[in-house]
Structure formats: C-alpha cells, structure tokens
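So this one's structure-v1.cif, mmCIF, C-alpha atoms:
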data_target
#
loop_
_atom_site.label_atom_id
_atom_site.label_comp_id
_atom_site.auth_asym_id
_atom_site.auth_seq_id
_atom_site.Cartn_x
_atom_site.Cartn_y
_atom_site.Cartn_z
CA MET A 1 81.83 80.29 56.89
CA GLN A 2 78.58 81.15 55.14
CA ASP A 3 77.61 77.44 55.09
CA ASN A 4 78.07 77.18 58.86
CA GLN A 5 76.00 80.31 59.33
CA ASP A 6 73.25 78.88 57.09
CA LYS A 7 73.34 75.57 58.94
CA GLU A 8 73.05 77.31 62.30
CA ASN A 9 70.15 79.42 61.02
CA ALA A 10 68.40 76.32 59.66
CA MET A 11 68.92 74.41 62.91
CA SER A 12 67.61 77.36 64.90
CA ALA A 13 64.52 77.58 62.68
CA MET A 14 63.94 73.82 63.00
CA ASN A 15 64.22 73.98 66.79
CA CYS A 16 61.78 76.88 66.86
CA ASN A 17 59.35 74.95 64.62
CA GLY A 18 59.71 71.87 66.82
CA VAL A 19 58.80 73.87 69.93
CA LYS A 20 55.85 75.41 68.10
CA LEU A 21 54.73 71.97 66.96
CA GLN A 22 54.88 70.65 70.53
CA GLU A 23 52.82 73.63 71.71
CA ILE A 24 50.28 72.99 68.96
CA LEU A 25 50.11 69.31 69.94
CA LYS A 26 49.45 70.26 73.58
CA ILE A 27 46.74 72.68 72.50
CA HIS A 28 45.24 70.03 70.26
CA GLU A 29 45.14 67.48 73.09
CA LYS A 30 43.54 70.03 75.39
CA ILE A 31 40.91 70.83 72.77
CA GLU A 32 40.17 67.14 72.25
CA MET A 33 39.59 66.74 76.00
CA GLN A 34 37.30 69.78 75.99
CA ILE A 35 35.32 68.35 73.10
CA TYR A 36 35.04 65.03 74.93
CA ASP A 37 33.86 66.83 78.07
CA ILE A 38 31.35 68.88 76.09
CA ASN A 39 30.02 65.78 74.34
CA TYR A 40 29.65 64.07 77.73
CA LEU A 41 27.76 67.07 79.10
CA LYS A 42 25.63 67.16 75.96
CA ILE A 43 24.69 63.49 76.43
CA LYS A 44 23.98 64.09 80.10
CA ALA A 45 21.83 67.14 79.30
CA SER A 46 19.97 65.17 76.61
CA ALA A 47 19.22 62.41 79.11
CA LYS A 48 17.95 64.99 81.61
CA LEU A 49 15.84 66.56 78.88
CA GLU A 50 14.30 63.17 78.05
CA GLU A 51 13.59 62.60 81.72
CA LEU A 52 11.89 66.00 81.95
CA LYS A 53 9.85 65.24 78.85
CA ALA A 54 8.68 61.98 80.41
CA ARG A 55 7.75 63.82 83.61
CA ASN A 56 5.97 66.44 81.55
CA GLU A 57 3.91 63.77 79.77
CA MET A 58 3.09 62.10 83.07
CA LEU A 59 1.97 65.43 84.55
CA GLN A 60 -0.12 66.12 81.47
CA VAL A 61 -1.94 62.80 81.97
CA GLN A 62 -2.38 63.50 85.66
CA LEU A 63 -3.62 67.00 84.89
CA LYS A 64 -6.12 65.61 82.38
CA ASP A 65 -7.32 63.05 84.91
CA ILE A 66 -7.72 65.73 87.55
CA HIS A 67 -9.53 67.93 85.07
CA ASP A 68 -11.84 65.06 84.11
CA ASN A 69 -12.50 64.38 87.77
CA TYR A 70 -13.11 68.04 88.33
CA MET A 71 -15.62 68.18 85.50
CA SER A 72 -17.40 65.06 86.76
CA TYR A 73 -17.70 66.62 90.19
CA VAL A 74 -19.05 69.83 88.70
CA THR A 75 -21.70 67.78 86.89
CA LYS A 76 -22.48 65.90 90.06
CA VAL A 77 -22.91 69.15 91.99
CA ASN A 78 -25.43 70.37 89.46
CA SER A 79 -27.45 67.16 89.66
CA GLU A 80 -27.18 66.17 93.33
CA TYR A 81 -27.94 69.07 95.65
CA ASN A 82 -28.05 67.07 98.87
CA GLU A 83 -24.30 66.18 98.59
CA LYS A 84 -23.38 69.75 97.77
CA GLU A 85 -20.96 70.56 100.61
CA GLU A 86 -18.97 67.34 100.31
CA ILE A 87 -18.61 67.78 96.58
CA ARG A 88 -17.49 71.39 96.92
CA ALA A 89 -14.73 70.30 99.27
CA LYS A 90 -13.58 67.68 96.77
CA ILE A 91 -13.72 70.19 93.94
CA GLN A 92 -11.67 72.63 95.96
CA LYS A 93 -9.10 69.93 96.73
CA LEU A 94 -8.91 68.91 93.07
CA THR A 95 -8.63 72.54 91.99
CA ILE A 96 -5.71 73.04 94.35
CA GLU A 97 -4.06 69.86 93.07
CA ARG A 98 -4.65 70.97 89.49
CA ASP A 99 -3.13 74.39 90.18
CA GLU A 100 -0.14 72.84 91.91
CA LEU A 101 0.39 70.47 89.00
CA ARG A 102 0.16 73.38 86.57
CA GLU A 103 2.82 75.22 88.55
CA ARG A 104 5.04 72.13 88.53
CA LEU A 105 4.45 71.71 84.82
CA GLU A 106 5.48 75.32 84.21
CA GLY A 107 8.61 74.69 86.27
CA TYR A 108 9.46 71.68 84.11
CA LYS A 109 8.88 73.72 80.98
CA ARG A 110 11.24 76.44 82.26
CA SER A 111 13.81 73.78 83.15
CA ASN A 112 13.39 72.26 79.69
CA ASP A 113 13.99 75.66 78.07
CA GLU A 114 17.09 76.22 80.22
CA ASN A 115 18.44 72.80 79.25
CA ASN A 116 17.81 73.55 75.58
CA GLU A 117 19.79 76.79 75.97
CA LYS A 118 22.66 74.89 77.57
CA ILE A 119 22.64 72.29 74.80
CA ASN A 120 22.74 75.05 72.18
CA LYS A 121 25.70 76.65 73.98
CA PHE A 122 27.50 73.28 74.00
CA ILE A 123 26.83 72.82 70.31
CA THR A 124 28.22 76.30 69.62
CA MET A 125 31.32 75.52 71.71
CA ILE A 126 31.84 72.28 69.77
CA GLU A 127 31.57 74.12 66.45
CA ILE A 128 34.13 76.69 67.62
CA GLU A 129 36.50 73.92 68.69
CA LYS A 130 36.06 72.20 65.33
CA LYS A 131 37.03 75.41 63.56
CA ARG A 132 40.05 75.83 65.83
CA ASN A 133 41.13 72.26 65.11
CA ALA A 134 40.76 72.84 61.38
CA ALA A 135 42.95 75.94 61.66
CA LEU A 136 45.57 74.00 63.64
CA LEU A 137 45.56 71.24 61.03
CA ARG A 138 46.12 73.83 58.30
CA LYS A 139 49.07 75.21 60.27
CA LEU A 140 50.48 71.70 60.54
CA GLU A 141 50.03 71.17 56.80
CA ARG A 142 51.96 74.37 56.14
CA ALA A 143 54.64 73.30 58.62
CA SER A 144 54.95 69.95 56.86
CA LYS A 145 55.83 71.73 53.62
CA VAL A 146 58.86 73.47 55.12
CA LYS A 147 61.87 71.93 53.39
CA ASN A 148 64.61 72.09 56.02
CA ILE A 149 63.09 70.23 58.95
CA PRO A 150 64.39 66.98 60.44
CA GLN A 151 62.83 63.78 59.22
CA SER A 152 61.69 62.84 62.74
CA LEU A 153 59.75 66.11 63.03
CA ARG A 154 58.33 65.62 59.53
CA ASP A 155 57.24 62.09 60.55
CA LYS A 156 55.44 63.45 63.62
CA ILE A 157 53.67 66.08 61.55
CA ASN A 158 52.65 63.51 58.94
CA ALA A 159 51.38 61.16 61.66
CA ILE A 160 49.13 63.92 62.97
CA LEU A 161 47.98 64.88 59.50
CA ASN A 162 47.22 61.24 58.62
CA ASP A 163 45.22 60.65 61.81
CA ARG A 164 41.65 60.33 60.42
CA SER A 165 40.03 60.90 63.80
CA LEU A 166 41.19 64.53 63.64
CA HIS A 167 39.51 65.06 60.28
CA GLN A 168 36.20 63.50 61.39
CA ALA A 169 35.58 65.81 64.34
#
Written as structure tokens, how would this file's structure read?
Amino acid sequence: MQDNQDKENAMSAMNCNGVKLQEILKIHEKIEMQIYDINYLKIKASAKLEELKARNEMLQVQLKDIHDNYMSYVTKVNSEYNEKEEIRAKIQKLTIERDELRERLEGYKRSNDENNEKINKFITMIEIEKKRNAALLRKLERASKVKNIPQSLRDKINAILNDRSLHQA
C-alpha cells in the first residue's frame, strides 16, 4: 500500500519535473533566438557605425579643403582689390558650404553617439541573457541530480548539459 503510494508520488514528481524541464527548454530556445537577434543587430549597428565614421572622415577632408579654399580666397582679397566683389561672393558661398558641412558633421556625430548607446544597450542585454542562461543551466544541473527520474529524462538533461555551445555563450 505504502509502496504504491510512494510510486505514485515519485511518478507525479517526475511528471512535474518533466514539464518544468520542457518549459525551461522552451525558454532556453527563446533566449538563444533573442541572443542571435541581438548579435545580428549589433553587427548591423557596427556596420552602420563604420559607414558613419567613413562619412565623417570624408566630411572632415571636405571641410578642410573648403577651409583651405576659404583661406586662400581671404588672402587673395587682401592682395587683389580689383577682384574684390567676385571674391567676396565666392567666400560667402564657401562659408555657407562650410557651415552646412559642419551642421551635417554634427548630425553624424549625434547619430554616432546614438548608435553607440544602442550598441551598449545590446551588449547589456546580451550579458543579462548570458546570466539567465547560466542560471538555467544550474537549475538543469540540480535537476539532473534528482535520483528518481526516468532515464529518458535524465538523458535529455545530460544532452543539454553536455552541449558545449551553451557553455560558450
């Protein structure tokens, strides 16, 4: 009588642990997909950041060229008074271009800062997910040490625990 009661209790506990294990596996798979998505977004953001850096460098060169041109025109104005009006118009045009390029450069810098913030958020999310995975693995290790579980469930737990890709994340 007592043996049947114990067997029923053990079977009930094993079924409960099996359901919990399946839930943990589903959570684990969901977390892996989130990490993959975050890594993809991180790569995409890094590529965008590199593109913005290249644009920034190009604008810096253009800005320097415009500044050099501007300075040459200022020198020319001081030395050639008879071409004064034409040179002033060119200086004004170059000044406007320079100011516009500075505004664009500031926009790229702001965009760069925003992208860096996003990347840092992704990194933080990845670290959180790594900690969650580690906690789930510890739960699985504890579950694997339960004595009265079916061999098939024990094999599934051991397969997860032996999967090296989970420990490398």
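With all atoms listed in the file as the atoms that count, the residue of A:Met14, A:Asp99, A:Leu105, A:Ile31 with the shortest distance to A:Met58 is A:Leu105.
Counting from atom CA of A:Tyr36, the distance to atom CA of A:Ala159 is 21.4 Å.
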Completion exercise
A straight line from atom CA of A:Leu137 to atom CA of A:Lys118 spans 28.5 Å
Exercise for the section: Name the residues that the PyMOL selection byres ((chain A and resi 102) around 12) pulls out of this structure, and write them as a list in words. Expected result: Asn56, Leu59, Gln60, Val61, Gln62, Leu63, Lys64, Ile66, His67, Thr95, Ile96, Glu97, Arg98, Asp99, Glu100, Leu101, Glu103, Arg104, Leu105, Glu106, Gly107, Tyr108 and Lys109 of chain A
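As for atom CA of A:Asn112 and atom CA of A:Ala54, they are spaced 11.3 Å apart.
The smallest atom-to-atom distance between A:Glu117 and any of A:Lys42, A:Lys26, A:Lys130, A:Lys53, using all atoms listed in the file, is found for A:Lys42.
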Using the file's own x, y and z axes, what box holds all listed atoms of stretch 106-115 of chain A with 5 Å on each side, keeping edges along x, y and z, and what are its centre and edge lengths in Å to one decimal, as JSON?
{"center_x": 12.0, "center_y": 74.1, "center_z": 82.2, "size_x": 23.0, "size_y": 14.8, "size_z": 18.2}
Exercise for the section: Can you work out which one of A:Phe122, A:Tyr73, A:Ala89, A:Glu8 has the shortest atom-to-atom distance to A:Ile43, counting only C-alpha atoms? Expected result: A:Phe122
Problem - Explicit residues for the PyMOL selection byres ((chain A and resi 91) around 9) (as a PyMOL selection string) - result: chain A and resi 69-71+73-74+86-90+92-96
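Nearest-residue note for A:Glu114: choosing from A:Ile126, A:Leu52, A:Cys16, A:Leu136, the minimum distance belongs to A:Leu52, counting only C-alpha atoms.
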Exercise for the section: Kindly resolve the PyMOL selection byres ((chain A and resi 138-144) around 9) on the present coordinates and return the residues as a ChimeraX atom specification. Expected result: /A:17,21,24,133-137,145-147,149,153-155,157-158,160-161
Practice task
Rank A:Arg55, A:Lys131, A:Lys20, A:Lys44 by their smallest atom-to-atom distance to A:Asn115, using only C-alpha atoms, and report the top residue only.
Solution key: A:Lys44
Handout entry: Contact residues around A:Leu41 with only C-alpha atoms at 12 Å, ignoring same-chain residues under 4 positions, as JSON, numbers by chain
Key = {"A": [34, 35, 36, 37, 45, 46, 47, 48, 49, 115, 118, 119, 120, 121, 122, 123, 125, 126]}
Give me a file of those residues, with C-alpha atoms, as an mmCIF file, in the coordinates of the input.
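As a result, selection-v6.cif now contains:
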data_model
loop_
_atom_site.group_PDB
_atom_site.id
_atom_site.type_symbol
_atom_site.label_atom_id
_atom_site.label_comp_id
_atom_site.auth_asym_id
_atom_site.auth_seq_id
_atom_site.Cartn_x
_atom_site.Cartn_y
_atom_site.Cartn_z
ATOM 1 C CA GLN A 34 37.300 69.780 75.990
ATOM 2 C CA ILE A 35 35.320 68.350 73.100
ATOM 3 C CA TYR A 36 35.040 65.030 74.930
ATOM 4 C CA ASP A 37 33.860 66.830 78.070
ATOM 5 C CA ALA A 45 21.830 67.140 79.300
ATOM 6 C CA SER A 46 19.970 65.170 76.610
ATOM 7 C CA ALA A 47 19.220 62.410 79.110
ATOM 8 C CA LYS A 48 17.950 64.990 81.610
ATOM 9 C CA LEU A 49 15.840 66.560 78.880
ATOM 10 C CA ASN A 115 18.440 72.800 79.250
ATOM 11 C CA LYS A 118 22.660 74.890 77.570
ATOM 12 C CA ILE A 119 22.640 72.290 74.800
ATOM 13 C CA ASN A 120 22.740 75.050 72.180
ATOM 14 C CA LYS A 121 25.700 76.650 73.980
ATOM 15 C CA PHE A 122 27.500 73.280 74.000
ATOM 16 C CA ILE A 123 26.830 72.820 70.310
ATOM 17 C CA MET A 125 31.320 75.520 71.710
ATOM 18 C CA ILE A 126 31.840 72.280 69.770
#
Can you put N, CA and C atoms back into stretch 41-62 of chain A and show it as a compact mmCIF listing (two decimals), in the frame of the given file?
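Here's the written file result-v2.txt:
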# COMPACT_ATOMS: atom_id res chain seq x y z
N LEU A 41 28.78 66.20 78.52
CA LEU A 41 27.76 67.07 79.10
C LEU A 41 26.52 67.15 78.20
N LYS A 42 26.75 67.12 76.91
CA LYS A 42 25.63 67.16 75.96
C LYS A 42 24.77 65.90 76.13
N ILE A 43 25.42 64.74 76.24
CA ILE A 43 24.69 63.49 76.43
C ILE A 43 23.93 63.52 77.76
N LYS A 44 24.60 64.01 78.78
CA LYS A 44 23.98 64.09 80.10
C LYS A 44 22.78 65.03 80.07
N ALA A 45 22.93 66.18 79.40
CA ALA A 45 21.83 67.14 79.30
C ALA A 45 20.69 66.55 78.48
N SER A 46 21.01 65.80 77.43
CA SER A 46 19.97 65.17 76.61
C SER A 46 19.20 64.15 77.44
N ALA A 47 19.89 63.39 78.26
CA ALA A 47 19.22 62.41 79.11
C ALA A 47 18.30 63.12 80.11
N LYS A 48 18.77 64.21 80.67
CA LYS A 48 17.95 64.99 81.61
C LYS A 48 16.74 65.55 80.89
N LEU A 49 16.94 66.02 79.67
CA LEU A 49 15.84 66.56 78.88
C LEU A 49 14.79 65.47 78.62
N GLU A 50 15.23 64.27 78.27
CA GLU A 50 14.30 63.17 78.05
C GLU A 50 13.54 62.83 79.33
N GLU A 51 14.24 62.86 80.43
CA GLU A 51 13.59 62.60 81.72
C GLU A 51 12.52 63.66 82.00
N LEU A 52 12.85 64.92 81.73
CA LEU A 52 11.89 66.00 81.95
C LEU A 52 10.70 65.88 81.00
N LYS A 53 10.96 65.44 79.78
CA LYS A 53 9.85 65.24 78.85
C LYS A 53 8.91 64.14 79.36
N ALA A 54 9.49 63.06 79.88
CA ALA A 54 8.68 61.98 80.41
C ALA A 54 7.85 62.47 81.60
N ARG A 55 8.47 63.25 82.47
CA ARG A 55 7.75 63.82 83.61
C ARG A 55 6.62 64.74 83.12
N ASN A 56 6.95 65.52 82.11
CA ASN A 56 5.97 66.44 81.55
C ASN A 56 4.76 65.66 81.03
N GLU A 57 5.00 64.59 80.29
CA GLU A 57 3.91 63.77 79.77
C GLU A 57 3.09 63.16 80.91
N MET A 58 3.78 62.69 81.93
CA MET A 58 3.09 62.10 83.07
C MET A 58 2.21 63.16 83.75
N LEU A 59 2.74 64.36 83.92
CA LEU A 59 1.97 65.43 84.55
C LEU A 59 0.79 65.85 83.68
N GLN A 60 0.99 65.80 82.37
CA GLN A 60 -0.12 66.12 81.47
C GLN A 60 -1.26 65.12 81.66
N VAL A 61 -0.93 63.84 81.76
CA VAL A 61 -1.94 62.80 81.97
C VAL A 61 -2.62 63.01 83.32
N GLN A 62 -1.80 63.27 84.34
CA GLN A 62 -2.38 63.50 85.66
C GLN A 62 -3.28 64.73 85.65
